[in-house]
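What follows is the content of input_17.pdb (PDB, C-alpha atoms).
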ATOM      1  CA  MET P 141     132.865 121.393  86.164  1.00  0.00           C
ATOM      2  CA  VAL P 142     129.859 119.528  84.701  1.00  0.00           C
ATOM      3  CA  ARG P 143     131.794 116.279  84.794  1.00  0.00           C
ATOM      4  CA  SER P 144     132.629 116.656  88.496  1.00  0.00           C
ATOM      5  CA  ARG P 145     128.966 117.352  89.362  1.00  0.00           C
ATOM      6  CA  ARG P 146     127.874 114.185  87.586  1.00  0.00           C
ATOM      7  CA  ALA P 147     130.550 112.215  89.360  1.00  0.00           C
ATOM      8  CA  ALA P 148     129.448 113.654  92.714  1.00  0.00           C
ATOM      9  CA  PHE P 149     125.811 112.703  92.082  1.00  0.00           C
ATOM     10  CA  LYS P 150     126.802 109.282  90.792  1.00  0.00           C
ATOM     11  CA  VAL P 151     128.684 108.350  93.952  1.00  0.00           C
ATOM     12  CA  GLY P 152     126.360 110.330  96.236  1.00  0.00           C
ATOM     13  CA  CYS P 153     129.184 112.439  97.611  1.00  0.00           C
ATOM     14  CA  LYS P 154     127.791 115.961  97.981  1.00  0.00           C
ATOM     15  CA  SER P 155     130.821 117.188  99.913  1.00  0.00           C
ATOM     16  CA  SER P 156     132.884 117.149  96.707  1.00  0.00           C
ATOM     17  CA  LEU P 157     130.600 119.715  95.054  1.00  0.00           C
ATOM     18  CA  PRO P 158     132.067 123.179  94.603  1.00  0.00           C
ATOM     19  CA  ALA P 159     131.259 125.494  97.525  1.00  0.00           C
ATOM     20  CA  SER P 160     129.891 128.141  95.135  1.00  0.00           C
ATOM     21  CA  ASP P 161     127.248 125.810  93.784  1.00  0.00           C
ATOM     22  CA  ASP P 162     124.644 126.076  96.562  1.00  0.00           C
ATOM     23  CA  LEU P 163     121.746 125.309  94.218  1.00  0.00           C
ATOM     24  CA  VAL P 164     123.187 121.948  93.213  1.00  0.00           C
ATOM     25  CA  ARG P 165     124.088 121.164  96.823  1.00  0.00           C
ATOM     26  CA  SER P 166     120.595 122.028  98.114  1.00  0.00           C
ATOM     27  CA  HIS P 167     119.039 119.936  95.337  1.00  0.00           C
ATOM     28  CA  ALA P 168     121.257 116.985  96.275  1.00  0.00           C
ATOM     29  CA  PHE P 169     120.252 117.309  99.939  1.00  0.00           C
ATOM     30  CA  ALA P 170     116.557 117.510  98.956  1.00  0.00           C
ATOM     31  CA  LEU P 171     116.924 114.326  96.878  1.00  0.00           C
ATOM     32  CA  GLU P 172     118.565 112.537  99.788  1.00  0.00           C
ATOM     33  CA  GLU P 173     115.815 113.639 102.205  1.00  0.00           C
ATOM     34  CA  ARG P 174     113.128 112.567  99.733  1.00  0.00           C
ATOM     35  CA  ASN P 175     114.791 109.187  99.249  1.00  0.00           C
ATOM     36  CA  MET P 176     115.019 108.713 103.021  1.00  0.00           C
ATOM     37  CA  SER P 177     111.353 109.604 103.361  1.00  0.00           C
ATOM     38  CA  LEU P 178     110.392 107.182 100.586  1.00  0.00           C
ATOM     39  CA  SER P 179     112.528 104.527 102.236  1.00  0.00           C
ATOM     40  CA  GLN P 180     110.860 105.172 105.604  1.00  0.00           C
ATOM     41  CA  ASN P 181     107.422 104.976 103.967  1.00  0.00           C
ATOM     42  CA  LYS P 182     108.297 101.639 102.351  1.00  0.00           C
ATOM     43  CA  ASP P 183     109.556 100.365 105.697  1.00  0.00           C
ATOM     44  CA  LEU P 184     106.275 101.404 107.343  1.00  0.00           C
ATOM     45  CA  ALA P 185     104.302  99.526 104.660  1.00  0.00           C
ATOM     46  CA  ARG P 186     106.504  96.445 105.215  1.00  0.00           C
ATOM     47  CA  ARG P 187     105.862  96.641 108.975  1.00  0.00           C
ATOM     48  CA  ALA P 188     102.107  96.776 108.272  1.00  0.00           C
ATOM     49  CA  ILE P 189     102.323  93.664 106.064  1.00  0.00           C
ATOM     50  CA  LYS P 190     104.328  91.909 108.787  1.00  0.00           C
ATOM     51  CA  LEU P 191     101.635  92.685 111.393  1.00  0.00           C
ATOM     52  CA  TRP P 192      98.943  91.502 108.981  1.00  0.00           C
ATOM     53  CA  THR P 193     100.894  88.310 108.246  1.00  0.00           C
ATOM     54  CA  HIS P 194     101.253  87.451 111.924  1.00  0.00           C
ATOM     55  CA  GLY P 195      97.724  88.558 112.834  1.00  0.00           C
ATOM     56  CA  SER P 196      99.187  90.827 115.467  1.00  0.00           C
ATOM     57  CA  ASN P 197      97.500  93.905 116.878  1.00  0.00           C
ATOM     58  CA  GLU P 198     100.637  94.762 118.851  1.00  0.00           C
ATOM     59  CA  ASN P 199     101.941  98.281 118.189  1.00  0.00           C
ATOM     60  CA  LEU P 200      99.152  98.847 115.670  1.00  0.00           C
ATOM     61  CA  GLU P 201      98.869 102.488 116.755  1.00  0.00           C
ATOM     62  CA  GLN P 202     102.519 103.046 115.794  1.00  0.00           C
ATOM     63  CA  ILE P 203     101.809 102.062 112.189  1.00  0.00           C
ATOM     64  CA  PHE P 204      98.212 103.084 111.480  1.00  0.00           C
ATOM     65  CA  ALA P 205      96.406 106.376 112.117  1.00  0.00           C
ATOM     66  CA  ALA P 206      93.484 106.182 114.567  1.00  0.00           C
ATOM     67  CA  ASP P 207      91.043 106.950 111.725  1.00  0.00           C
ATOM     68  CA  TYR P 208      92.646 104.446 109.321  1.00  0.00           C
ATOM     69  CA  VAL P 209      90.513 103.445 106.310  1.00  0.00           C
ATOM     70  CA  ASN P 210      91.071 100.228 104.353  1.00  0.00           C
ATOM     71  CA  HIS P 211      89.333  99.898 100.984  1.00  0.00           C
ATOM     72  CA  GLN P 212      89.100  96.276  99.882  1.00  0.00           C
ATOM     73  CA  GLN P 213      86.565  93.633  99.002  1.00  0.00           C
ATOM     74  CA  HIS P 214      86.541  91.889 102.373  1.00  0.00           C
ATOM     75  CA  LEU P 215      82.957  90.695 102.320  1.00  0.00           C
ATOM     76  CA  SER P 216      81.479  88.595  99.537  1.00  0.00           C
ATOM     77  CA  ASP P 217      78.439  90.846  99.230  1.00  0.00           C
ATOM     78  CA  SER P 218      79.779  94.314 100.071  1.00  0.00           C
ATOM     79  CA  ALA P 219      82.595  96.632  99.092  1.00  0.00           C
ATOM     80  CA  GLN P 220      82.205  98.729 102.243  1.00  0.00           C
ATOM     81  CA  ALA P 221      85.505 100.114 103.568  1.00  0.00           C
ATOM     82  CA  ILE P 222      86.947  99.034 106.897  1.00  0.00           C
ATOM     83  CA  ARG P 223      87.023 102.208 109.026  1.00  0.00           C
ATOM     84  CA  GLY P 224      89.029 102.718 112.206  1.00  0.00           C
ATOM     85  CA  LEU P 225      91.526 100.598 114.096  1.00  0.00           C
ATOM     86  CA  ASN P 226      88.906  98.595 115.997  1.00  0.00           C
ATOM     87  CA  ALA P 227      87.232  97.499 112.762  1.00  0.00           C
ATOM     88  CA  TRP P 228      90.664  96.692 111.298  1.00  0.00           C
ATOM     89  CA  LYS P 229      91.562  94.592 114.364  1.00  0.00           C
ATOM     90  CA  GLN P 230      88.284  92.649 114.019  1.00  0.00           C
ATOM     91  CA  PHE P 231      88.927  91.998 110.323  1.00  0.00           C
ATOM     92  CA  VAL P 232      92.498  90.803 110.937  1.00  0.00           C
ATOM     93  CA  SER P 233      91.319  88.529 113.770  1.00  0.00           C
ATOM     94  CA  ALA P 234      88.492  87.001 111.697  1.00  0.00           C
ATOM     95  CA  PHE P 235      90.802  86.456 108.725  1.00  0.00           C
ATOM     96  CA  HIS P 236      93.411  84.711 110.880  1.00  0.00           C
ATOM     97  CA  GLN P 237      90.751  82.506 112.447  1.00  0.00           C
ATOM     98  CA  ALA P 238      89.935  81.348 108.916  1.00  0.00           C
ATOM     99  CA  PHE P 239      93.607  81.072 107.857  1.00  0.00           C
ATOM    100  CA  PRO P 240      95.667  80.422 111.010  1.00  0.00           C
ATOM    101  CA  ASP P 241      98.827  79.672 108.991  1.00  0.00           C
ATOM    102  CA  PHE P 242      98.405  82.744 106.758  1.00  0.00           C
ATOM    103  CA  GLU P 243     101.532  84.131 105.110  1.00  0.00           C
ATOM    104  CA  ASP P 244     102.283  87.161 102.960  1.00  0.00           C
ATOM    105  CA  ARG P 245     105.417  87.514 100.875  1.00  0.00           C
ATOM    106  CA  ILE P 246     106.322  90.911  99.466  1.00  0.00           C
ATOM    107  CA  VAL P 247     107.293  90.703  95.806  1.00  0.00           C
ATOM    108  CA  THR P 248     108.090  94.355  95.133  1.00  0.00           C
ATOM    109  CA  GLN P 249     107.481  97.861  96.422  1.00  0.00           C
ATOM    110  CA  ILE P 250     107.370 101.243  94.719  1.00  0.00           C
ATOM    111  CA  ALA P 251     107.114 104.548  96.559  1.00  0.00           C
ATOM    112  CA  GLU P 252     106.222 107.987  95.219  1.00  0.00           C
ATOM    113  CA  GLY P 253     105.316 110.992  97.312  1.00  0.00           C
ATOM    114  CA  ASP P 254     103.068 109.860 100.170  1.00  0.00           C
ATOM    115  CA  LEU P 255     102.095 106.559  98.480  1.00  0.00           C
ATOM    116  CA  VAL P 256     103.649 103.099  98.684  1.00  0.00           C
ATOM    117  CA  ALA P 257     102.548 100.322  96.329  1.00  0.00           C
ATOM    118  CA  THR P 258     103.300  96.782  97.501  1.00  0.00           C
ATOM    119  CA  GLN P 259     102.794  93.667  95.394  1.00  0.00           C
ATOM    120  CA  PHE P 260     102.403  90.503  97.467  1.00  0.00           C
ATOM    121  CA  VAL P 261     101.664  86.794  97.338  1.00  0.00           C
ATOM    122  CA  SER P 262      99.436  85.388 100.094  1.00  0.00           C
ATOM    123  CA  SER P 263      98.788  81.809 101.124  1.00  0.00           C
ATOM    124  CA  GLY P 264      97.140  79.851 103.875  1.00  0.00           C
ATOM    125  CA  THR P 265      95.038  76.843 104.797  1.00  0.00           C
ATOM    126  CA  GLN P 266      91.367  77.565 105.373  1.00  0.00           C
ATOM    127  CA  ASN P 267      90.618  76.009 108.757  1.00  0.00           C
ATOM    128  CA  GLY P 268      87.806  78.385 109.687  1.00  0.00           C
ATOM    129  CA  GLN P 269      84.827  80.123 108.112  1.00  0.00           C
ATOM    130  CA  ILE P 270      85.425  83.037 105.772  1.00  0.00           C
ATOM    131  CA  MET P 271      82.840  84.964 103.747  1.00  0.00           C
ATOM    132  CA  GLY P 272      80.213  82.413 104.733  1.00  0.00           C
ATOM    133  CA  ILE P 273      82.320  79.504 103.454  1.00  0.00           C
ATOM    134  CA  PRO P 274      82.800  76.748 106.047  1.00  0.00           C
ATOM    135  CA  ALA P 275      86.327  75.451 106.695  1.00  0.00           C
ATOM    136  CA  THR P 276      87.649  73.375 103.800  1.00  0.00           C
ATOM    137  CA  SER P 277      91.139  72.496 105.087  1.00  0.00           C
ATOM    138  CA  ARG P 278      92.363  73.455 101.604  1.00  0.00           C
ATOM    139  CA  ARG P 279      95.488  75.479 101.021  1.00  0.00           C
ATOM    140  CA  ALA P 280      95.153  78.480  98.723  1.00  0.00           C
ATOM    141  CA  SER P 281      97.577  80.996  97.276  1.00  0.00           C
ATOM    142  CA  TRP P 282      96.734  84.323  95.651  1.00  0.00           C
ATOM    143  CA  THR P 283      98.349  87.552  94.538  1.00  0.00           C
ATOM    144  CA  GLY P 284      97.481  91.121  95.345  1.00  0.00           C
ATOM    145  CA  MET P 285      98.540  94.731  95.597  1.00  0.00           C
ATOM    146  CA  VAL P 286      98.080  97.373  98.251  1.00  0.00           C
ATOM    147  CA  ILE P 287      98.592 101.102  97.928  1.00  0.00           C
ATOM    148  CA  ASP P 288      99.143 102.784 101.282  1.00  0.00           C
ATOM    149  CA  ARG P 289      98.834 106.546 101.796  1.00  0.00           C
ATOM    150  CA  ILE P 290     101.058 107.838 104.555  1.00  0.00           C
ATOM    151  CA  ALA P 291     100.725 111.060 106.550  1.00  0.00           C
ATOM    152  CA  ASN P 292     102.610 112.126 109.666  1.00  0.00           C
ATOM    153  CA  GLY P 293     104.528 108.851 109.781  1.00  0.00           C
ATOM    154  CA  LYS P 294     101.446 106.596 109.796  1.00  0.00           C
ATOM    155  CA  ILE P 295      99.343 104.773 107.245  1.00  0.00           C
ATOM    156  CA  VAL P 296      96.060 106.649 106.991  1.00  0.00           C
ATOM    157  CA  GLU P 297      94.446 104.861 104.064  1.00  0.00           C
ATOM    158  CA  SER P 298      94.962 101.695 102.007  1.00  0.00           C
ATOM    159  CA  TRP P 299      93.522 100.432  98.745  1.00  0.00           C
ATOM    160  CA  VAL P 300      93.827  96.672  98.379  1.00  0.00           C
ATOM    161  CA  ASN P 301      93.125  94.558  95.323  1.00  0.00           C
ATOM    162  CA  TRP P 302      93.639  90.813  95.562  1.00  0.00           C
ATOM    163  CA  ASP P 303      92.612  87.740  93.618  1.00  0.00           C
ATOM    164  CA  MET P 304      89.553  86.791  95.664  1.00  0.00           C
ATOM    165  CA  PHE P 305      88.114  84.776  92.768  1.00  0.00           C
ATOM    166  CA  GLY P 306      91.290  82.685  92.508  1.00  0.00           C
ATOM    167  CA  MET P 307      91.273  82.082  96.258  1.00  0.00           C
ATOM    168  CA  LEU P 308      87.574  81.080  96.201  1.00  0.00           C
ATOM    169  CA  GLN P 309      88.245  78.685  93.286  1.00  0.00           C
ATOM    170  CA  GLN P 310      91.046  76.995  95.202  1.00  0.00           C
ATOM    171  CA  LEU P 311      88.782  76.629  98.241  1.00  0.00           C
ATOM    172  CA  GLY P 312      86.115  75.009  96.045  1.00  0.00           C
ATOM    173  CA  ALA P 313      83.598  77.782  96.733  1.00  0.00           C
ATOM    174  CA  VAL P 314      83.222  78.677  93.032  1.00  0.00           C
ATOM    175  CA  GLN P 315      83.601  76.542  89.947  1.00  0.00           C
ATOM    176  CA  GLU P 316      86.377  77.157  87.493  1.00  0.00           C
ATOM    177  CA  PRO P 317      85.143  78.575  84.189  1.00  0.00           C
ATOM    178  CA  LYS P 318      84.834  76.032  81.394  1.00  0.00           C
TER     179      LYS P 318
END
Turn this file's structure into structure tokens for me.
Amino acid sequence: MVRSRRAAFKVGCKSSLPASDDLVRSHAFALEERNMSLSQNKDLARRAIKLWTHGSNENLEQIFAADYVNHQQHLSDSAQAIRGLNAWKQFVSAFHQAFPDFEDRIVTQIAEGDLVATQFVSSGTQNGQIMGIPATSRRASWTGMVIDRIANGKIVESWVNWDMFGMLQQLGAVQEPK
């Protein structure tokens, strides 16, 4: 009996579980639902990265909650959060004016509960002002991570940490340490 349960879990075939074992069956269904939810959350986070990569505000309301909050160092002199979709749209637009060829590549994702962690690599050529730095026409590449919190099928809050110092070094805005 124990062997057949393990085999059923291993191949994901709940229908082969004994009919009398409702507890095991309900646990297997709960695991499947949880995995689907985690998968859906990861997909939502990937869709958000795709919008960010393309600088698109199209269908933003389908991905982000109206009161979305983004915590990241987006200004050189302030760690103030970006609050609301309008503020987010302005930030995305300004960033893409500075880096019109901006790209993000997802390296890995991990989901647990209502959180999705995404590791990414970003790159772009600075052809516009960013953080008070005039256009340099230099290409930069940096790494980062974002943790998105999801509620009711939308991203409600994000915490982003990226290598701003590395990006600023590549743009020539700060000197490399000696």
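What separates CA of Met285 in chain P from CA of Ala257 in chain P is a distance of 6.9 Å.
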(request) Just give me the gap between CA of Asp244 in chain P and CA of His194 in chain P in Å, one decimal is fine. (result) 9.0 Å
For the PyMOL selection byres ((chain P and resi 210) around 6), applied here, can you spell out every residue it catches as a CSV table (one decimal) with C-alpha atoms, in the frame of the given file?
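Output file result-v1.csv follows:
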chain,number,residue,atom,x,y,z
P,209,VAL,CA,90.5,103.4,106.3
P,211,HIS,CA,89.3,99.9,101.0
P,221,ALA,CA,85.5,100.1,103.6
P,222,ILE,CA,86.9,99.0,106.9
P,297,GLU,CA,94.4,104.9,104.1
P,298,SER,CA,95.0,101.7,102.0
Could you give me the centre and size, in Å to one decimal, of an axis-aligned box around all listed atoms of range 236-243 of chain P with 4 Å added on every side, as AutoDock Vina command-line options?
--center_x 95.7 --center_y 82.2 --center_z 108.8 --size_x 19.6 --size_y 13.0 --size_z 15.3
(request) Could you tell me which residues the PyMOL selection byres ((chain P and resi 235) around 10) grabs in this file, written as number ranges by chain? (result) P: 192, 195, 214, 229-234, 236-240, 242, 266, 268-271
So that I have them on file, write out the residues from the current selection with C-alpha atoms, as a PDB file, keeping the file's coordinate frame.
ATOM      1  CA  TRP P 192      98.943  91.502 108.981  1.00  0.00           C
ATOM      2  CA  GLY P 195      97.724  88.558 112.834  1.00  0.00           C
ATOM      3  CA  HIS P 214      86.541  91.889 102.373  1.00  0.00           C
ATOM      4  CA  LYS P 229      91.562  94.592 114.364  1.00  0.00           C
ATOM      5  CA  GLN P 230      88.284  92.649 114.019  1.00  0.00           C
ATOM      6  CA  PHE P 231      88.927  91.998 110.323  1.00  0.00           C
ATOM      7  CA  VAL P 232      92.498  90.803 110.937  1.00  0.00           C
ATOM      8  CA  SER P 233      91.319  88.529 113.770  1.00  0.00           C
ATOM      9  CA  ALA P 234      88.492  87.001 111.697  1.00  0.00           C
ATOM     10  CA  HIS P 236      93.411  84.711 110.880  1.00  0.00           C
ATOM     11  CA  GLN P 237      90.751  82.506 112.447  1.00  0.00           C
ATOM     12  CA  ALA P 238      89.935  81.348 108.916  1.00  0.00           C
ATOM     13  CA  PHE P 239      93.607  81.072 107.857  1.00  0.00           C
ATOM     14  CA  PRO P 240      95.667  80.422 111.010  1.00  0.00           C
ATOM     15  CA  PHE P 242      98.405  82.744 106.758  1.00  0.00           C
ATOM     16  CA  GLN P 266      91.367  77.565 105.373  1.00  0.00           C
ATOM     17  CA  GLY P 268      87.806  78.385 109.687  1.00  0.00           C
ATOM     18  CA  GLN P 269      84.827  80.123 108.112  1.00  0.00           C
ATOM     19  CA  ILE P 270      85.425  83.037 105.772  1.00  0.00           C
ATOM     20  CA  MET P 271      82.840  84.964 103.747  1.00  0.00           C
TER      21      MET P 271
END
(request) Given the file shown, enumerate the residues that the PyMOL selection byres ((chain P and resi 182) around 12) captures and present them as a ChimeraX atom specification. (result) /P:175-181,183-189,203,246,248-259,286-290,293-295
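By chain and then residue number, the residues within 12 Å of Glu316 in chain P are Phe305, Gly306, Met307, Leu308, Gln309, Gln310, Leu311, Gly312 and Ala313 of chain P, counting only C-alpha atoms and disregarding those fewer than 3 positions away in sequence.
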(request) In Å, rounded to a single decimal, give me how far CA of Lys318 in chain P is from CA of Arg279 in chain P. (result) 22.3 Å
(request) Using only C-alpha atoms, pick whichever of P:Thr283, P:Ser277, P:Asn267, P:Gln202 has the shortest atom-to-atom distance to Val300 in chain P. (result)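 The shortest atom-to-atom distance to Val300 in chain P comes from P:Thr283.
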(request) Excluding Leu225 in chain P and residues on its chain fewer than 2 positions from it, collect all residues at most 9 Å away from it, counting only C-alpha atoms, and give them as a PyMOL selection string. (result) chain P and resi 200-201+204-209+222-223+227-230
